Every structure is written in C-alpha cells, then in structure tokens.
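Dropping start38.txt in here (compact mmCIF, C-alpha atoms):
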```
# COMPACT_ATOMS: atom_id res chain seq x y z
CA MET A 77 10.88 -33.88 -26.31
CA ALA A 78 8.94 -34.43 -23.09
CA GLU A 79 9.19 -31.80 -20.36
CA LYS A 80 11.42 -32.87 -17.49
CA SER A 81 9.73 -33.42 -14.18
CA SER A 82 10.36 -31.05 -11.28
CA ILE A 83 13.01 -32.37 -8.93
CA THR A 84 10.59 -31.61 -6.10
CA ARG A 85 8.62 -34.62 -7.23
CA VAL A 86 11.52 -36.89 -6.33
CA GLY A 87 12.10 -35.49 -2.87
CA THR A 88 14.34 -32.48 -3.47
CA SER A 89 13.05 -28.94 -3.03
CA GLU A 90 13.48 -26.11 -5.52
CA PRO A 91 12.13 -22.51 -5.67
CA PHE A 92 8.37 -22.21 -5.92
CA GLU A 93 8.61 -19.46 -8.56
CA LEU A 94 10.78 -21.69 -10.77
CA GLN A 95 8.13 -24.40 -10.70
CA VAL A 96 5.45 -21.84 -11.56
CA SER A 97 7.50 -20.63 -14.54
CA ARG A 98 7.78 -24.23 -15.75
CA GLY A 99 4.01 -24.64 -15.59
CA GLN A 100 4.33 -27.34 -12.94
CA ILE A 101 1.94 -25.77 -10.41
CA SER A 102 -1.73 -25.62 -11.34
CA PHE A 103 -3.73 -22.34 -11.25
CA HIS A 104 -0.58 -20.17 -11.26
CA TYR A 105 1.51 -18.43 -13.91
CA SER A 106 4.51 -16.13 -13.75
CA LEU A 107 4.58 -12.63 -15.22
CA HIS A 108 7.55 -10.41 -16.03
CA LYS A 109 6.08 -6.93 -16.47
CA PHE A 110 8.36 -4.11 -17.51
CA GLY A 111 8.13 -0.62 -18.92
CA PHE A 112 10.16 2.36 -20.12
CA ASN A 113 9.52 6.08 -20.24
CA PRO A 114 12.15 7.95 -22.31
CA ASP A 115 11.51 11.44 -20.97
CA ILE A 116 10.05 12.28 -17.57
CA ASP A 117 9.82 15.90 -16.49
CA ASP A 118 8.45 17.66 -13.39
CA ALA A 119 5.03 16.01 -13.53
CA LEU A 120 3.45 12.68 -12.67
CA GLU A 121 3.90 10.18 -15.50
CA THR A 122 3.29 6.48 -16.06
CA VAL A 123 6.16 4.18 -16.96
CA TRP A 124 5.30 3.45 -20.60
CA ALA A 125 6.96 4.28 -23.91
CA GLN A 126 4.34 6.82 -24.99
CA GLY A 127 5.08 9.00 -21.96
CA GLY A 128 2.67 11.08 -19.93
CA LEU A 129 0.01 9.82 -17.55
CA TYR A 130 -1.79 6.73 -18.82
CA SER A 131 -5.55 7.05 -19.33
CA TYR A 132 -7.63 3.85 -19.04
CA LEU A 133 -10.55 2.87 -21.22
CA SER A 134 -13.87 3.32 -19.41
CA ALA A 135 -15.71 0.63 -21.42
CA ALA A 136 -14.84 -2.30 -23.67
CA THR A 137 -14.08 -0.80 -27.08
CA VAL A 138 -13.03 -1.84 -30.57
CA LEU A 139 -9.51 -0.49 -31.03
CA LYS A 140 -7.81 0.97 -34.08
CA VAL A 141 -4.35 -0.47 -34.79
CA SER A 142 -2.03 1.54 -37.02
CA SER A 143 1.58 2.62 -37.58
CA SER A 144 3.32 5.90 -38.18
CA SER A 145 5.18 4.17 -41.07
CA THR A 146 3.81 2.93 -44.40
CA ALA A 147 6.40 0.10 -44.21
CA ASP A 148 4.44 -1.61 -41.44
CA THR A 149 1.96 -3.45 -43.64
CA SER A 150 1.05 -6.98 -44.70
CA ALA A 151 3.69 -7.08 -47.47
CA GLY A 152 6.00 -4.34 -46.18
CA THR A 153 9.56 -4.39 -44.92
CA GLY A 154 8.51 -3.51 -41.38
CA ALA A 155 6.07 -5.14 -38.98
CA ARG A 156 3.32 -7.16 -40.64
CA THR A 157 1.24 -8.51 -37.75
CA VAL A 158 0.89 -7.57 -34.10
CA GLN A 159 -0.78 -9.42 -31.25
CA LEU A 160 -2.76 -7.56 -28.59
CA TYR A 161 -3.22 -9.00 -25.11
CA GLY A 162 -5.84 -7.59 -22.79
CA LEU A 163 -9.18 -8.03 -21.06
CA ASP A 164 -12.79 -8.00 -22.23
CA ALA A 165 -15.75 -6.27 -20.59
CA ASP A 166 -15.87 -8.95 -17.88
CA TYR A 167 -12.11 -8.75 -17.22
CA ASN A 168 -11.49 -12.10 -18.90
CA GLU A 169 -8.20 -12.50 -20.77
CA ILE A 170 -8.40 -12.10 -24.55
CA ASN A 171 -5.84 -11.74 -27.31
CA GLU A 172 -6.00 -11.01 -31.01
CA THR A 173 -3.60 -10.85 -33.93
CA VAL A 174 -4.04 -7.93 -36.34
CA THR A 175 -2.55 -7.61 -39.83
CA LEU A 176 -1.22 -4.09 -40.23
CA ASN A 177 -2.05 -1.70 -43.07
CA GLY A 178 0.56 1.01 -42.58
CA GLN A 179 -0.86 4.36 -41.54
CA THR A 180 -4.41 3.18 -42.24
CA ALA A 181 -6.13 1.94 -39.09
CA VAL A 182 -7.31 -1.67 -38.82
CA ASN A 183 -10.12 -2.36 -36.34
CA THR A 184 -9.84 -5.17 -33.81
CA THR A 185 -12.46 -7.89 -33.87
CA ASN A 186 -12.66 -7.95 -30.08
CA SER A 187 -13.68 -5.12 -27.78
CA PHE A 188 -10.95 -4.41 -25.21
CA LEU A 189 -11.51 -2.95 -21.76
CA ARG A 190 -7.79 -3.14 -21.06
CA ILE A 191 -4.61 -3.59 -23.11
CA ASN A 192 -1.83 -5.21 -21.10
CA ARG A 193 0.69 -5.87 -23.87
CA MET A 194 1.23 -5.64 -27.63
CA ILE A 195 3.85 -7.64 -29.56
CA VAL A 196 5.06 -7.69 -33.18
CA ARG A 197 4.65 -11.27 -34.39
CA THR A 198 5.83 -11.14 -38.00
CA ALA A 199 7.88 -8.66 -40.03
CA GLY A 200 9.45 -8.15 -43.44
CA THR A 201 13.14 -7.76 -44.29
CA GLY A 202 13.51 -4.97 -41.71
CA GLY A 203 13.00 -7.55 -38.99
CA THR A 204 10.78 -5.39 -36.77
CA ASN A 205 8.47 -2.37 -36.76
CA ALA A 206 9.62 0.58 -38.88
CA GLY A 207 7.29 3.07 -37.25
CA VAL A 208 5.55 3.56 -33.94
CA ILE A 209 2.65 1.12 -33.70
CA TYR A 210 -0.49 2.29 -31.92
CA ALA A 211 -3.65 0.76 -30.52
CA GLY A 212 -6.15 3.50 -29.81
CA THR A 213 -9.43 5.22 -30.56
CA GLY A 214 -10.62 8.41 -32.22
CA THR A 215 -9.42 10.06 -35.41
CA VAL A 216 -6.26 8.54 -36.88
CA THR A 217 -3.93 11.06 -38.55
CA THR A 218 -0.95 9.68 -40.51
CA GLY A 219 -1.18 6.55 -38.40
CA VAL A 220 -1.49 8.27 -35.01
CA PRO A 221 -4.82 7.87 -33.14
CA ALA A 222 -6.23 10.66 -30.99
CA ASN A 223 -6.36 8.41 -27.91
CA LYS A 224 -3.53 5.97 -27.31
CA TYR A 225 -3.82 2.85 -25.13
CA ALA A 226 -0.77 0.87 -26.25
CA THR A 227 2.29 1.75 -28.33
CA ILE A 228 5.38 0.01 -29.66
CA ALA A 229 8.31 2.37 -30.17
CA ILE A 230 10.30 2.14 -33.40
CA GLY A 231 12.32 -1.08 -33.47
CA ASP A 232 11.22 -2.33 -30.05
CA GLY A 233 9.03 -5.17 -31.31
CA GLN A 234 6.74 -4.99 -28.29
CA SER A 235 5.13 -2.50 -25.94
CA LEU A 236 6.99 -1.29 -22.85
CA MET A 237 4.14 -0.67 -20.43
CA GLY A 238 4.76 -0.76 -16.69
CA LEU A 239 1.08 -1.34 -15.93
CA TRP A 240 -1.16 -4.38 -15.65
CA THR A 241 -4.82 -5.08 -14.93
CA VAL A 242 -5.40 -8.38 -13.14
CA PRO A 243 -7.79 -10.74 -14.98
CA ALA A 244 -11.00 -11.98 -13.37
CA GLY A 245 -10.47 -14.97 -11.11
CA PHE A 246 -6.81 -14.19 -10.42
CA THR A 247 -4.85 -12.58 -7.59
CA LEU A 248 -1.55 -10.83 -8.33
CA TYR A 249 1.42 -11.34 -5.99
CA ILE A 250 4.37 -9.01 -6.67
CA TYR A 251 7.61 -10.87 -6.09
CA GLN A 252 10.15 -8.20 -6.99
CA THR A 253 10.30 -4.59 -8.21
CA ASP A 254 13.33 -3.00 -9.94
CA VAL A 255 13.69 0.60 -11.12
CA THR A 256 16.55 2.32 -12.96
CA VAL A 257 16.83 6.09 -13.49
CA ALA A 258 19.19 8.03 -15.78
CA THR A 259 19.50 11.82 -15.81
CA THR A 260 21.26 14.43 -17.92
CA GLN A 261 22.18 16.40 -14.77
CA ASN A 262 23.58 14.79 -11.65
CA ASN A 263 21.37 16.84 -9.29
CA LYS A 264 18.16 15.24 -10.58
CA TYR A 265 16.22 12.34 -9.13
CA ALA A 266 12.94 10.50 -9.55
CA THR A 267 10.22 9.75 -7.03
CA ILE A 268 8.68 6.39 -7.90
CA SER A 269 5.35 5.12 -6.62
CA LEU A 270 4.01 1.60 -6.92
CA VAL A 271 0.23 1.95 -7.06
CA ALA A 272 -2.68 -0.49 -7.10
CA ARG A 273 -6.39 0.00 -7.63
CA PRO A 274 -8.60 -2.57 -5.86
CA PHE A 275 -11.69 -3.38 -7.88
CA GLY A 276 -14.27 -0.59 -7.57
CA GLU A 277 -11.91 1.70 -5.65
CA VAL A 278 -9.22 4.28 -6.46
CA PHE A 279 -5.48 4.07 -7.00
CA GLN A 280 -3.56 3.67 -3.74
CA VAL A 281 0.19 4.00 -3.17
CA LYS A 282 1.62 0.69 -1.97
CA ASP A 283 5.29 1.68 -2.03
CA ARG A 284 7.25 4.87 -2.71
CA PHE A 285 10.95 5.54 -2.94
CA VAL A 286 13.40 8.05 -4.40
CA LYS A 287 15.87 6.94 -7.03
CA ALA A 288 18.87 8.93 -8.27
CA GLU A 289 21.21 8.07 -11.12
CA PRO A 290 24.09 5.86 -9.92
CA ASP A 291 27.48 7.52 -9.59
CA ARG A 292 29.37 6.91 -12.83
CA ASN A 293 32.75 8.13 -11.55
```

Please express the file's structure as structure tokens.
Amino acid sequence: MAEKSSITRVGTSEPFELQVSRGQISFHYSLHKFGFNPDIDDALETVWAQGGLYSYLSAATVLKVSSSSTADTSAGTGARTVQLYGLDADYNEINETVTLNGQTAVNTTNSFLRINRMIVRTAGTGGTNAGVIYAGTGTVTTGVPANKYATIAIGDGQSLMGLWTVPAGFTLYIYQTDVTVATTQNNKYATISLVARPFGEVFQVKDRFVKAEPDRN
C-alpha cells in the first residue's frame, strides 16, 4: 500500500513533527528517547536500567555481547538475537545484529564509540530475554562484563537508556522532556538535570528541576 501524502501538500497545514515522523520532510527524523533507573539513592546517577553514573567509551571498541542467562542463545527459549545501534569512531551511525550465546560473550564485528540503543530482535518460546543482556568490555563472568555500556533488563526486550550521542552531520532539537519519580517514603524527592556536552567540551546543565512523587491520596 502506498504511503498517503501529507495534507500539507494539498493546502492544509498539520504539525511539523508529525510530518517528520512520517518521513515526509527530508534531512530530519524523529527520536523518542527514554530511560529508567530502578533505584536511585543519595548520589548522582544516570537514567538507565543498569543504574549508577554512566561511563562513556573513550575510543571505538569491539564490544562483548552476553547474557546472565543460558536461555538467551541461538536455539534457546529466551532472546536469540539483539541489534545494537550506535556510532563509529567518526560519529557515523552504525548498527549490528548479534546472535547470542548465553553467558559466553560474542564479539561485535564493528567497533563502537557509542551505544545509543540495544533491542532484542528474535526470541524463543519465552518471547523475550530471559536474563540481563549486556554489551561491554573486559572480563565476562557468568555473562556479566566488567565494563557495561548497554544493558537490557530481564523481560524488557530493549535497553532503557536516557542518553544519546548525536551522530555526525546532525543537530538535535529537544521537543519535550517528561520525568516521573516514585518513592517508598513521601518525604523524598529527586533533583533532575538535563545535560548536554558540546563536541570537544564538558557536560553542561541545560535544565534542572525538582520532582516529588505525586500525591496518591
């Protein structure tokens, strides 16, 4: 079925971002970036499923992809293949699909300077990943690498990383930011910072706000 033309083309306006999402405006694409951190304490942490402060790769590197579960393998009941999306040494977009081998690490063919996302593409009868899937470097012990650069929590099917490195030749425009906080005690709150690092510089705070859990009464 052919894609329907934008109604803008026949004289009626519609939102610019909707046209971008439809692929109707050249040299643009939309991005929905989201993350989750299950346990934040009294220290600075990045919004990603692994928790803690994210550490970036300093050079393009071959990554080791593995799982904490032996069921995540090419013929297993869990995840069978995962696709990594990131950037090469020149900040160009690259992606690669890796066939899992349980707790035994599988090396990527490409060298990644950044990992922006990781997604389970195929799975066995379990329907998704049975263990935590990692992309990292260093010694891998029972499927867990010493240095972690992307993770998929059990059953999530894709990484939840609230971070993104802009590819070469692109400019990122942030259209909307949403944050939700839940606490076990009603006197707790989170201080959230939106940070950006211009090329060759350091991280800079672009927005900061305090978020408390909504009143559930």

Please define a box with edges along x, y and z of the file around all atoms of range 98-102 of chain A given in the file, extend it by 4 Å on each side, and return its centre and edge lengths in Å to one decimal, as JSON.
```
{"center_x": 3.0, "center_y": -25.8, "center_z": -13.1, "size_x": 17.5, "size_y": 11.1, "size_z": 13.3}
```

Who sits within 8 Å of range 157-165 of chain A, all atoms listed in the file, same chain under 2 positions skipped, as a ChimeraX atom specification: /A:135-136,149-150,155,167-176,186-199,243

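The gap separating CA of Thr241 in chain A from CA of Gln179 in chain A is 28.5 Å, in Å to one decimal.
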
Pick from A:Arg273, A:Tyr249, A:Gly231, A:Gly207, whichever lies nearest to Tyr105 in chain A using all atoms listed in the file: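 The answer is A:Tyr249, which sits nearest to Tyr105 in chain A.
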
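Computed from the coordinates, the CA of Phe285 in chain A to CA of Ile268 in chain A distance equals 5.5 Å.
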
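Distance annotation: of A:Thr267, A:Thr122, A:Ser131, A:Ser143, the residue with the minimal separation from Val216 in chain A is A:Ser143; atom set is only C-alpha atoms.
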
Computed interatomic separation between CA of Asn113 in chain A and CA of Arg156 in chain A (Å): 25.1 Å

Among the residues A:Glu277, A:Glu90, A:Asp148, A:Asp115, the one that comes closest to Ile209 in chain A [using all atoms listed in the file]: A:Asp148

Nearest-residue call for Asn205 in chain A, choices A:Ile230, A:Val182, A:Val220, A:Met237, using all atoms listed in the file: A:Ile230

Determine, counting all atoms listed in the file, which protein, DNA and RNA residues have an atom within 12 Å of an atom of Pro274 in chain A; residues of the same chain fewer than 6 positions away are not included. Present the result as a CSV table (one decimal) with C-alpha atoms, in the coordinates of the input.
```
chain,number,residue,atom,x,y,z
A,241,THR,CA,-4.8,-5.1,-14.9
A,242,VAL,CA,-5.4,-8.4,-13.1
A,247,THR,CA,-4.8,-12.6,-7.6
A,248,LEU,CA,-1.6,-10.8,-8.3
A,280,GLN,CA,-3.6,3.7,-3.7
A,281,VAL,CA,0.2,4.0,-3.2
A,282,LYS,CA,1.6,0.7,-2.0
```

Using all atoms listed in the file: which of A:Ser142, A:Asn177, A:Asn263, A:Ser106 has the shortest distance to Ile250 in chain A: A:Ser106

Sel. within 10 Å of pt (2.4, 9.9, -11.4), counting all atoms listed in the file, output as a ChimeraX atom specification: /A:119-123,128-130,267-271
